[in-house]
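Chemist: Starting off with a structure, shown below.
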Amino acid sequence: QQGRGGGRGGGRKKPPTSASAARNDDTWNLRLEQLRHYHAENGDFAVPRKYDLNPQLGYWVNAQRKQIMFFVRGQQSTLTPERMGALFDMGFPLPKLSTNPNPTLNAPVAVPGAGDAWTVRLNELREYRLENGNYQVPRKYDKNPQLGYWVNAQRKQFTFFIRGKKSTLTQPRMRALYNIGFPFGIPKRAPPVTAASAAAKSAGGGTAAAARTPRRGRSPAAAREKQQGRGG
């Protein structure tokens, strides 16, 4: 399990010790670096599940896709925001986020530990779905302005998680949203961070202004003369 570095999710496990957690982190980071090299050499992330050159990497890549789905369904997942952000920044293609085909809509939902206000909004959303047949609550919803804001906030919190930022979406909250069939979309991503782009960004530092292209029709020398005339 530690050698594979992926971890199976969806079930109850004993809490890891600090030593085993550190080993798992080291192994996960090693697989991530191996995936980065694979992408640099092959131009994609389509590592075969049975990859002869590195069988553990093939298993690990498949495991990450499963862990993403475990999280979306509110099940136990080995993905932390930091891990999710690392995969997202690399350009790792996320699996299609399927919506619950059999949502629970006809009875009030209780979500232990989610907070009373959050649970109230969830049930208002469930009732909106029953009345309208969808979850497209307008952001400025005259009948219930707080619900419109709340729905938009849940999508933002999901985006924060996918991008590796701090998120208020806990497993019980995610499970409750999945159970009523709330659809999540994959957020837009920036261009993948490659070794070359990371090095260029590091070398550029705060000198982005110096690298700007002069306006069309003005030579670099003329641009420098004008800058000197301004006292820059």
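Ligands are numbered from 1 in the order shown, chains are lettered A, B, ... in the order of the structure tokens, and residues start at 1 in each chain.
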So that each row is one residue of stretch 54-117 of chain A with an atom at most 6 Å from stretch 165-182 of chain A, can you give its shortest atom pair and the distance in Å to one decimal, using only C-alpha atoms, rows by chain and rising number, as a Markdown table?
Modeler:
| residue | atom | partner | partner_atom | distance |
| --- | --- | --- | --- | --- |
| A:Arg73 | CA | A:Arg175 | CA | 5.2 |
| A:Gly74 | CA | A:Arg175 | CA | 3.8 |
| A:Thr99 | CA | A:Gly181 | CA | 5.7 |
| A:Asn100 | CA | A:Gly181 | CA | 4.8 |
| A:Pro103 | CA | A:Ile180 | CA | 4.4 |
| A:Thr104 | CA | A:Ile180 | CA | 5.0 |
| A:Leu105 | CA | A:Ile180 | CA | 5.9 |
Chemist: Please, which residues of stretch 23-224 of chain A, numbered as in this document, come out alpha helix (DSSP H) from DSSP, as a PyMOL selection string?
Modeler: chain A and resi 23-42+55-72+81-90+116-132+145-162+171-179+195-204+220-224
Chemist: One decimal, in Å: what's the spacing between atom CA of A:Asn29 and atom CA of A:Val47?
Modeler: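 For atom CA of A:Asn29 relative to atom CA of A:Val47, the distance reads 16.7 Å.
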Chemist: Which one of A:Gln34, A:Glu131, A:Asp89, A:Phe70 sits closest to A:Pro55 if you count only C-alpha atoms?
Modeler: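 Checking each of A:Gln34, A:Glu131, A:Asp89, A:Phe70 against A:Pro55, counting only C-alpha atoms, the winner is A:Gln34.
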Chemist: So what do you get for atom CA of A:Val151 versus atom CA of A:Glu82, distance-wise?
Modeler: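 Computed distance, atom CA of A:Val151 to atom CA of A:Glu82, equals 24.5 Å.
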Chemist: Quick one: distance from atom CA of A:Thr159 to atom CA of A:Leu94 in Å, one decimal?
Modeler: 12.7 Å
